[in-house]
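Chemist: This is upload.cif, which holds mmCIF, C-alpha atoms:
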```
data_upload
#
loop_
_atom_site.label_atom_id
_atom_site.label_comp_id
_atom_site.auth_asym_id
_atom_site.auth_seq_id
_atom_site.Cartn_x
_atom_site.Cartn_y
_atom_site.Cartn_z
CA MET A 1 -86.26 10.93 -119.34
CA GLN A 2 -88.43 9.02 -116.87
CA THR A 3 -85.28 7.50 -115.43
CA ASN A 4 -83.86 10.96 -114.87
CA ILE A 5 -86.98 12.09 -113.04
CA LEU A 6 -86.95 8.98 -110.88
CA ARG A 7 -83.33 9.56 -110.01
CA ASP A 8 -84.09 13.09 -108.93
CA VAL A 9 -87.09 11.99 -106.87
CA ILE A 10 -85.55 9.09 -105.03
CA GLY A 11 -82.07 10.53 -104.76
CA ASN A 12 -80.45 7.19 -105.51
CA GLY A 13 -76.98 8.62 -105.23
CA ILE A 14 -77.08 9.82 -108.81
CA ASN A 15 -75.21 12.98 -109.64
CA GLU A 16 -77.61 15.77 -110.55
CA LYS A 17 -74.96 17.47 -112.67
CA PHE A 18 -75.73 15.28 -115.68
CA HIS A 19 -78.36 13.00 -117.16
CA ASP A 20 -78.46 9.83 -119.23
CA ASP A 21 -78.30 11.86 -122.42
CA SER A 22 -75.65 14.35 -121.33
CA PRO A 23 -72.85 14.58 -123.93
CA ASP A 24 -69.63 12.73 -123.21
CA GLU A 25 -67.73 15.99 -123.11
CA LYS A 26 -69.76 17.17 -120.13
CA LEU A 27 -68.86 13.99 -118.24
CA ILE A 28 -65.21 14.42 -119.18
CA GLY A 29 -65.30 17.94 -117.80
CA LEU A 30 -66.62 16.64 -114.49
CA LEU A 31 -63.98 13.93 -114.43
CA LEU A 32 -61.19 16.36 -115.22
CA ASN A 33 -62.21 19.13 -112.87
CA GLU A 34 -63.77 17.26 -109.97
CA ASN A 35 -62.69 13.60 -110.25
CA ASP A 36 -66.43 13.01 -110.28
CA GLN A 37 -67.16 9.38 -109.40
CA LYS A 38 -70.59 9.29 -111.01
CA ALA A 39 -69.21 10.75 -114.21
CA ILE A 40 -66.66 7.97 -114.57
CA GLU A 41 -69.35 5.39 -113.80
CA GLU A 42 -71.54 6.82 -116.55
CA ILE A 43 -68.67 6.81 -119.06
CA PHE A 44 -67.82 3.26 -118.03
CA ASN A 45 -71.42 2.12 -118.53
CA ARG A 46 -71.63 3.80 -121.93
CA TYR A 47 -68.41 2.38 -123.31
CA VAL A 48 -67.32 -0.76 -121.52
CA ASP A 49 -68.94 -3.16 -123.99
CA LYS A 50 -67.83 -1.21 -127.05
CA VAL A 51 -64.25 -1.04 -125.80
CA TYR A 52 -64.34 -4.73 -124.93
CA GLY A 53 -65.67 -5.60 -128.39
CA ILE A 54 -62.78 -3.81 -130.07
CA ALA A 55 -60.18 -5.31 -127.71
CA LEU A 56 -61.63 -8.77 -128.28
CA GLY A 57 -61.66 -8.25 -132.02
CA ILE A 58 -57.95 -7.45 -132.07
CA SER A 59 -56.67 -9.80 -129.37
CA ARG A 60 -59.10 -12.63 -130.22
CA ASP A 61 -58.93 -13.76 -126.61
CA PRO A 62 -61.52 -12.92 -123.91
CA ASN A 63 -59.01 -12.94 -121.03
CA SER A 64 -56.66 -10.64 -122.90
CA ALA A 65 -59.55 -8.36 -123.81
CA GLU A 66 -60.36 -8.01 -120.11
CA ASP A 67 -56.75 -7.04 -119.36
CA ILE A 68 -56.81 -4.54 -122.20
CA ILE A 69 -60.01 -2.80 -121.13
CA GLN A 70 -58.66 -2.50 -117.60
CA ASP A 71 -55.63 -0.68 -119.06
CA VAL A 72 -57.87 1.48 -121.22
CA PHE A 73 -60.04 2.69 -118.36
CA LEU A 74 -56.99 3.24 -116.17
CA THR A 75 -55.57 5.38 -118.95
CA LEU A 76 -58.87 7.24 -119.01
CA ILE A 77 -58.60 8.03 -115.31
CA GLU A 78 -54.92 8.85 -115.27
CA LYS A 79 -54.38 10.50 -118.63
CA ILE A 80 -57.67 12.14 -119.46
CA ASP A 81 -55.83 15.45 -119.54
CA THR A 82 -54.23 14.27 -122.80
CA PHE A 83 -57.68 14.36 -124.41
CA GLN A 84 -57.63 17.72 -126.14
CA GLY A 85 -61.09 17.67 -127.64
CA ARG A 86 -59.88 17.77 -131.24
CA ALA A 87 -61.67 14.48 -131.94
CA LYS A 88 -64.84 13.14 -130.36
CA PHE A 89 -64.24 11.55 -126.96
CA SER A 90 -65.40 8.17 -128.28
CA THR A 91 -62.82 8.34 -131.07
CA TRP A 92 -60.08 9.15 -128.54
CA LEU A 93 -61.17 6.24 -126.35
CA TYR A 94 -61.29 3.79 -129.27
CA ARG A 95 -57.84 4.94 -130.38
CA VAL A 96 -56.51 4.27 -126.88
CA THR A 97 -58.16 0.84 -127.09
CA VAL A 98 -56.62 -0.02 -130.44
CA ASN A 99 -53.17 1.11 -129.26
CA ALA A 100 -53.49 -0.86 -126.01
CA SER A 101 -54.55 -3.93 -127.97
CA TYR A 102 -51.58 -3.68 -130.31
CA MET A 103 -49.24 -3.18 -127.35
CA TYR A 104 -50.70 -6.33 -125.86
CA LEU A 105 -50.13 -8.27 -129.08
CA ARG A 106 -46.51 -7.10 -129.21
CA ALA A 107 -45.88 -7.89 -125.53
CA GLU A 108 -47.34 -11.36 -125.97
CA LYS A 109 -45.45 -11.77 -129.23
CA LYS A 110 -48.75 -12.49 -130.89
CA HIS A 111 -48.08 -9.98 -133.63
CA GLU A 112 -48.99 -11.86 -136.74
CA SER A 113 -47.17 -11.83 -139.99
CA ASP A 114 -49.20 -9.47 -142.09
CA TYR A 115 -49.62 -9.83 -145.82
CA SER A 116 -51.27 -7.70 -148.41
CA LEU A 117 -54.64 -8.42 -149.95
CA GLU A 118 -54.39 -5.44 -152.29
CA ASN A 119 -54.25 -7.70 -155.31
CA TYR A 120 -56.94 -10.07 -154.07
CA VAL A 121 -59.72 -10.26 -156.62
CA PRO A 122 -62.43 -12.88 -157.23
CA TYR A 123 -62.37 -12.50 -161.03
CA ASP A 124 -60.12 -13.67 -163.83
CA GLU A 125 -58.12 -11.62 -166.34
CA ASN A 126 -61.27 -11.11 -168.41
CA GLY A 127 -63.07 -9.64 -165.43
CA THR A 128 -65.39 -12.64 -165.05
CA LEU A 129 -66.20 -13.96 -161.58
CA ILE A 130 -64.49 -17.17 -160.56
CA GLY A 131 -65.01 -19.63 -157.72
CA ARG A 132 -68.39 -21.22 -158.57
CA ILE A 133 -70.15 -18.58 -156.52
CA LYS A 134 -73.66 -19.63 -157.54
CA ASP A 135 -72.97 -23.30 -156.72
CA LYS A 136 -71.77 -22.34 -153.26
CA GLU A 137 -74.57 -19.85 -152.66
CA TRP A 138 -75.62 -19.89 -148.99
CA SER A 139 -77.46 -16.62 -148.46
CA SER A 140 -80.91 -18.17 -148.14
CA ARG A 141 -80.02 -21.26 -146.13
CA PRO A 142 -81.95 -21.26 -142.86
CA ASP A 143 -79.29 -23.25 -140.96
CA ILE A 144 -76.87 -20.39 -141.58
CA LEU A 145 -79.25 -17.47 -141.35
CA ASN A 146 -80.62 -18.64 -138.03
CA PHE A 147 -77.17 -17.81 -136.74
CA SER A 148 -76.50 -21.34 -135.56
CA LYS A 149 -73.52 -21.73 -133.25
CA GLU A 150 -71.57 -23.52 -135.98
CA ALA A 151 -72.29 -20.84 -138.56
CA MET A 152 -71.13 -18.08 -136.24
CA GLU A 153 -67.99 -20.03 -135.36
CA ILE A 154 -67.22 -20.41 -139.05
CA LEU A 155 -67.59 -16.68 -139.57
CA ASP A 156 -65.42 -15.95 -136.55
CA THR A 157 -62.74 -18.33 -137.84
CA ALA A 158 -62.79 -16.70 -141.25
CA ILE A 159 -62.38 -13.21 -139.72
CA ASN A 160 -59.51 -14.58 -137.63
CA GLU A 161 -57.75 -15.62 -140.82
CA LEU A 162 -57.72 -12.10 -142.22
CA PRO A 163 -54.31 -10.42 -142.09
CA GLU A 164 -54.15 -8.11 -139.09
CA THR A 165 -54.32 -4.74 -140.87
CA TYR A 166 -57.45 -5.87 -142.73
CA ARG A 167 -59.03 -7.61 -139.76
CA ILE A 168 -58.99 -4.51 -137.59
CA VAL A 169 -60.76 -2.45 -140.26
CA CYS A 170 -63.32 -5.21 -140.77
CA GLN A 171 -63.80 -5.50 -137.02
CA LEU A 172 -64.32 -1.76 -136.50
CA ARG A 173 -66.67 -1.31 -139.45
CA ASP A 174 -68.62 -4.55 -139.88
CA VAL A 175 -68.73 -5.79 -136.29
CA ASN A 176 -68.52 -2.59 -134.24
CA GLU A 177 -70.26 -0.50 -136.93
CA LEU A 178 -68.07 2.60 -136.62
CA SER A 179 -68.12 5.13 -139.48
CA TYR A 180 -65.35 5.30 -142.08
CA GLU A 181 -64.36 8.71 -140.66
CA GLU A 182 -64.09 7.38 -137.09
CA ILE A 183 -61.98 4.44 -138.23
CA SER A 184 -59.79 6.79 -140.22
CA GLU A 185 -59.16 8.91 -137.11
CA ILE A 186 -58.65 5.91 -134.83
CA LEU A 187 -56.12 4.22 -137.09
CA GLY A 188 -54.50 7.38 -138.41
CA ILE A 189 -55.07 6.48 -142.06
CA SER A 190 -57.16 8.17 -144.74
CA SER A 191 -60.81 7.29 -145.30
CA GLY A 192 -59.78 6.08 -148.75
CA ALA A 193 -57.30 3.66 -147.18
CA VAL A 194 -59.99 2.45 -144.77
CA LYS A 195 -62.38 1.76 -147.66
CA SER A 196 -59.69 0.12 -149.73
CA ARG A 197 -58.67 -2.27 -146.92
CA LEU A 198 -62.27 -2.99 -146.07
CA HIS A 199 -63.09 -3.76 -149.69
CA ARG A 200 -60.29 -6.34 -150.01
CA ALA A 201 -61.03 -7.75 -146.56
CA ARG A 202 -64.67 -8.33 -147.47
CA LEU A 203 -63.84 -9.94 -150.80
CA TYR A 204 -61.44 -12.33 -149.08
CA LEU A 205 -63.86 -12.98 -146.24
CA ARG A 206 -66.81 -13.64 -148.54
CA ASP A 207 -64.79 -16.22 -150.45
CA LYS A 208 -63.55 -17.88 -147.24
CA ILE A 209 -67.00 -18.02 -145.71
CA SER A 210 -68.50 -19.46 -148.86
CA ASP A 211 -65.84 -22.17 -148.95
CA TYR A 212 -66.31 -23.00 -145.27
CA PHE A 213 -70.11 -23.07 -145.49
CA TYR A 214 -69.89 -25.23 -148.60
CA GLU A 215 -67.61 -27.74 -146.85
CA TRP A 216 -69.78 -27.64 -143.74
CA ARG A 217 -72.90 -28.45 -145.74
CA GLN A 218 -71.14 -31.29 -147.59
CA ASN A 219 -70.12 -32.85 -144.27
CA LYS A 220 -73.51 -32.53 -142.58
CA MET B 1 -71.43 -2.33 -170.63
CA PHE B 2 -70.80 -3.69 -167.13
CA ILE B 3 -68.80 -6.84 -166.55
CA CYS B 4 -68.44 -8.88 -163.34
CA LYS B 5 -65.28 -6.99 -162.38
CA ASP B 6 -67.24 -3.71 -162.33
CA VAL B 7 -69.77 -5.18 -159.91
CA VAL B 8 -66.99 -6.36 -157.60
CA GLU B 9 -65.16 -3.04 -157.64
CA LYS B 10 -68.31 -1.00 -157.08
CA ILE B 11 -70.00 -3.19 -154.53
CA MET B 12 -69.14 -1.03 -151.52
CA GLY B 13 -70.77 1.98 -153.13
CA TYR B 14 -73.74 -0.17 -154.09
CA ILE B 15 -74.18 -1.53 -150.56
CA ASP B 16 -73.76 1.96 -149.07
CA ALA B 17 -76.40 3.27 -151.54
CA GLU B 18 -73.91 5.75 -152.97
CA LEU B 19 -74.39 4.81 -156.62
CA GLY B 20 -76.85 6.59 -158.80
CA GLY B 21 -77.85 7.29 -162.39
CA LYS B 22 -76.37 5.28 -165.20
CA THR B 23 -73.91 3.38 -163.00
CA LEU B 24 -76.66 2.02 -160.77
CA VAL B 25 -78.86 1.05 -163.73
CA GLU B 26 -76.01 -0.73 -165.50
CA LEU B 27 -74.98 -2.55 -162.36
CA GLU B 28 -78.50 -3.76 -161.66
CA ASN B 29 -78.96 -4.79 -165.29
CA HIS B 30 -75.82 -6.85 -165.00
CA LEU B 31 -77.06 -8.48 -161.77
CA TYR B 32 -80.33 -9.37 -163.49
CA ASN B 33 -78.48 -11.12 -166.29
CA CYS B 34 -75.60 -12.68 -164.36
CA PRO B 35 -76.49 -15.38 -161.79
CA GLU B 36 -72.90 -15.49 -160.52
CA CYS B 37 -72.87 -11.77 -159.70
CA ASP B 38 -76.37 -12.00 -158.26
CA ALA B 39 -75.15 -14.75 -155.90
CA PHE B 40 -72.04 -12.71 -155.16
CA VAL B 41 -74.06 -9.66 -154.06
CA ARG B 42 -76.54 -11.71 -152.04
CA THR B 43 -73.83 -13.56 -150.12
CA TYR B 44 -71.88 -10.31 -149.63
CA ARG B 45 -74.93 -8.66 -148.06
CA LYS B 46 -75.64 -11.65 -145.82
CA MET B 47 -72.03 -11.78 -144.72
CA LEU B 48 -72.40 -8.23 -143.41
CA VAL B 49 -75.56 -9.18 -141.52
CA LEU B 50 -73.76 -12.14 -139.93
CA ALA B 51 -70.74 -9.99 -139.03
CA GLY B 52 -73.00 -7.52 -137.26
CA LYS B 53 -74.36 -10.38 -135.16
CA LEU B 54 -70.84 -11.12 -133.91
CA ARG B 55 -71.09 -7.93 -131.87
CA ALA B 56 -73.28 -9.87 -129.45
CA ASN B 57 -70.15 -11.84 -128.47
CA GLY B 58 -68.47 -8.64 -127.36
CA PHE B 59 -70.09 -8.04 -124.00
CA VAL B 60 -68.24 -8.20 -120.72
CA THR B 61 -69.56 -10.47 -118.01
CA ILE B 62 -71.45 -8.91 -115.10
CA LEU B 63 -68.84 -10.28 -112.71
CA PHE B 64 -65.93 -8.67 -114.53
CA ARG B 65 -67.86 -5.46 -115.12
CA ASN B 66 -68.51 -5.04 -111.39
CA ARG B 67 -64.98 -5.97 -110.41
CA LEU B 68 -63.46 -3.53 -112.87
CA LYS B 69 -65.81 -0.73 -111.89
CA THR B 70 -64.92 -1.17 -108.21
CA PHE B 71 -61.23 -1.19 -109.07
CA LEU B 72 -61.50 1.97 -111.17
CA LEU B 73 -63.43 3.84 -108.52
CA SER B 74 -60.79 2.95 -105.95
CA ARG B 75 -58.09 4.30 -108.29
CA LEU B 76 -60.08 7.46 -108.88
CA ASN B 77 -60.51 8.01 -105.15
CA ALA B 78 -56.79 7.48 -104.61
CA LYS B 79 -55.92 10.29 -107.07
#
```
Can the structure in the file be given as structure tokens, please?
Modeler:
Amino acid sequence: MQTNILRDVIGNGINEKFHDDSPDEKLIGLLLNENDQKAIEEIFNRYVDKVYGIALGISRDPNSAEDIIQDVFLTLIEKIDTFQGRAKFSTWLYRVTVNASYMYLRAEKKHESDYSLENYVPYDENGTLIGRIKDKEWSSRPDILNFSKEAMEILDTAINELPETYRIVCQLRDVNELSYEEISEILGISSGAVKSRLHRARLYLRDKISDYFYEWRQNK
Amino acid sequence: MFICKDVVEKIMGYIDAELGGKTLVELENHLYNCPECDAFVRTYRKMLVLAGKLRANGFVTILFRNRLKTFLLSRLNAK
């Protein structure tokens, strides 16, 4: 609020038609009706990092993610009239981002062979856990929990190894922290399908991470 | 009577605090008595904490941010 008052007092070139906490839809209205420069700047500032995070999560390449977010914001400027207000603006923008990222993967022929994890389970036919989970336990190790560079690289590598359809769900929920409902709308699948993919992705990821951390500790 | 498989298949509900009543009690009883499942849940939770930290990698550089903003404003003005 103080920022808003300051802006009003010193002028500062800030548009008086909206404030820091104005809803996205108000900014979109200004963009649509008036091509308002300050409105697009505010939207850009609110979303550029989130859009980049999603693009990076799918493309796995910082340079590609930069290309993708440029396309996304150009789409915002040129095709905002296709936003019909049925979903939240953020959901629309994230959907544009996901589609642009997949288009990039296809254009670069980086589309990965996808395989199903639907039958991936960490227990045997008797329903008993397998994989020496307690022996490989790492959840209280300070070298991992201090988010060392190596530990974060291991996690990133493990996420990279997820099949694409599972990785995107994991990325949107566990890294970008979107709700199940938002992810469902963005990907055009049911919330149940989102949860199902996320469940298998996490089981696979937990096993991979445990194996990698175990090997890492053995080699240290 | 819960078995390890039940813990695995209900862990999302457990983490999201959606379980209640008898299911929650049985699951936690199983965790108390099963070191493997206890380790499973602890590492699962920590994995989610670590994944959340990866978000810090997803920020654009100031240089690119400014360049892109300038480019977008020029496109908007050209409309």
Chemist: Could you make a table, as JSON lines, of the residues of chain B that have an atom within 8 Å of an atom of chain A, each with its nearest atom pair and distance in Å to one decimal, counting only C-alpha atoms, in chain and number order?
Modeler:
```
{"residue": "B:Ile3", "atom": "CA", "partner": "A:Gly127", "partner_atom": "CA", "distance": 6.5}
{"residue": "B:Cys4", "atom": "CA", "partner": "A:Thr128", "partner_atom": "CA", "distance": 5.1}
{"residue": "B:Lys5", "atom": "CA", "partner": "A:Gly127", "partner_atom": "CA", "distance": 4.6}
{"residue": "B:Asp6", "atom": "CA", "partner": "A:Gly127", "partner_atom": "CA", "distance": 7.9}
{"residue": "B:Val8", "atom": "CA", "partner": "A:Pro122", "partner_atom": "CA", "distance": 8.0}
{"residue": "B:Met12", "atom": "CA", "partner": "A:His199", "partner_atom": "CA", "distance": 6.9}
{"residue": "B:Pro35", "atom": "CA", "partner": "A:Lys134", "partner_atom": "CA", "distance": 6.6}
{"residue": "B:Glu36", "atom": "CA", "partner": "A:Lys134", "partner_atom": "CA", "distance": 5.2}
{"residue": "B:Cys37", "atom": "CA", "partner": "A:Leu129", "partner_atom": "CA", "distance": 7.3}
{"residue": "B:Ala39", "atom": "CA", "partner": "A:Lys134", "partner_atom": "CA", "distance": 5.4}
{"residue": "B:Phe40", "atom": "CA", "partner": "A:Ile133", "partner_atom": "CA", "distance": 6.3}
{"residue": "B:Arg42", "atom": "CA", "partner": "A:Ser139", "partner_atom": "CA", "distance": 6.1}
{"residue": "B:Thr43", "atom": "CA", "partner": "A:Ser139", "partner_atom": "CA", "distance": 5.0}
{"residue": "B:Tyr44", "atom": "CA", "partner": "A:Arg206", "partner_atom": "CA", "distance": 6.2}
{"residue": "B:Lys46", "atom": "CA", "partner": "A:Ser139", "partner_atom": "CA", "distance": 5.9}
{"residue": "B:Met47", "atom": "CA", "partner": "A:Arg206", "partner_atom": "CA", "distance": 6.7}
{"residue": "B:Leu48", "atom": "CA", "partner": "A:Asp174", "partner_atom": "CA", "distance": 6.3}
{"residue": "B:Leu50", "atom": "CA", "partner": "A:Phe147", "partner_atom": "CA", "distance": 7.3}
{"residue": "B:Ala51", "atom": "CA", "partner": "A:Val175", "partner_atom": "CA", "distance": 5.4}
{"residue": "B:Gly52", "atom": "CA", "partner": "A:Val175", "partner_atom": "CA", "distance": 4.7}
{"residue": "B:Lys53", "atom": "CA", "partner": "A:Val175", "partner_atom": "CA", "distance": 7.4}
{"residue": "B:Leu54", "atom": "CA", "partner": "A:Val175", "partner_atom": "CA", "distance": 6.2}
{"residue": "B:Arg55", "atom": "CA", "partner": "A:Val175", "partner_atom": "CA", "distance": 5.4}
{"residue": "B:Asn57", "atom": "CA", "partner": "A:Gly53", "partner_atom": "CA", "distance": 7.7}
{"residue": "B:Gly58", "atom": "CA", "partner": "A:Gly53", "partner_atom": "CA", "distance": 4.3}
{"residue": "B:Phe59", "atom": "CA", "partner": "A:Asp49", "partner_atom": "CA", "distance": 5.0}
{"residue": "B:Val60", "atom": "CA", "partner": "A:Asp49", "partner_atom": "CA", "distance": 6.0}
{"residue": "B:Phe64", "atom": "CA", "partner": "A:Glu66", "partner_atom": "CA", "distance": 7.9}
{"residue": "B:Arg65", "atom": "CA", "partner": "A:Val48", "partner_atom": "CA", "distance": 8.0}
{"residue": "B:Leu68", "atom": "CA", "partner": "A:Gln70", "partner_atom": "CA", "distance": 6.8}
{"residue": "B:Lys69", "atom": "CA", "partner": "A:Glu41", "partner_atom": "CA", "distance": 7.3}
{"residue": "B:Leu72", "atom": "CA", "partner": "A:Leu74", "partner_atom": "CA", "distance": 6.9}
{"residue": "B:Leu73", "atom": "CA", "partner": "A:Gln37", "partner_atom": "CA", "distance": 6.7}
{"residue": "B:Arg75", "atom": "CA", "partner": "A:Ile77", "partner_atom": "CA", "distance": 8.0}
{"residue": "B:Leu76", "atom": "CA", "partner": "A:Ile77", "partner_atom": "CA", "distance": 6.6}
{"residue": "B:Asn77", "atom": "CA", "partner": "A:Asn35", "partner_atom": "CA", "distance": 7.9}
```
Chemist: When you draw a straight line from CA of Gly29 (chain A) to CA of Ile80 (chain A), how long is it in Å?
Modeler: 9.7 Å
Chemist: What is the CA of Val96 (chain A) to CA of Val72 (chain A) distance in Å?
Modeler: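 Here the two named atoms are 6.5 Å from each other.
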Chemist: CA of Glu185 (chain A) and CA of Thr91 (chain A), how far apart in Å?
Modeler: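 Between CA of Thr91 (chain A) and CA of Glu185 (chain A) the gap is 7.1 Å.
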Chemist: Run the PyMOL selection byres ((chain A and resi 90) around 10) mentally over the shown coordinates, then write out the matched residues as a ChimeraX atom specification, using the chain letters and numbers from the document.
Modeler: /A:24-25,43,46-47,50-51,87-89,91-96,182,186
Chemist: Between A:Leu178, A:Ala201, A:Ile58, A:Ile68, which has the minimum distance to Tyr115 (chain A) (counting only C-alpha atoms)?
Modeler: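 For Tyr115 (chain A), the nearest of the candidates is A:Ala201.
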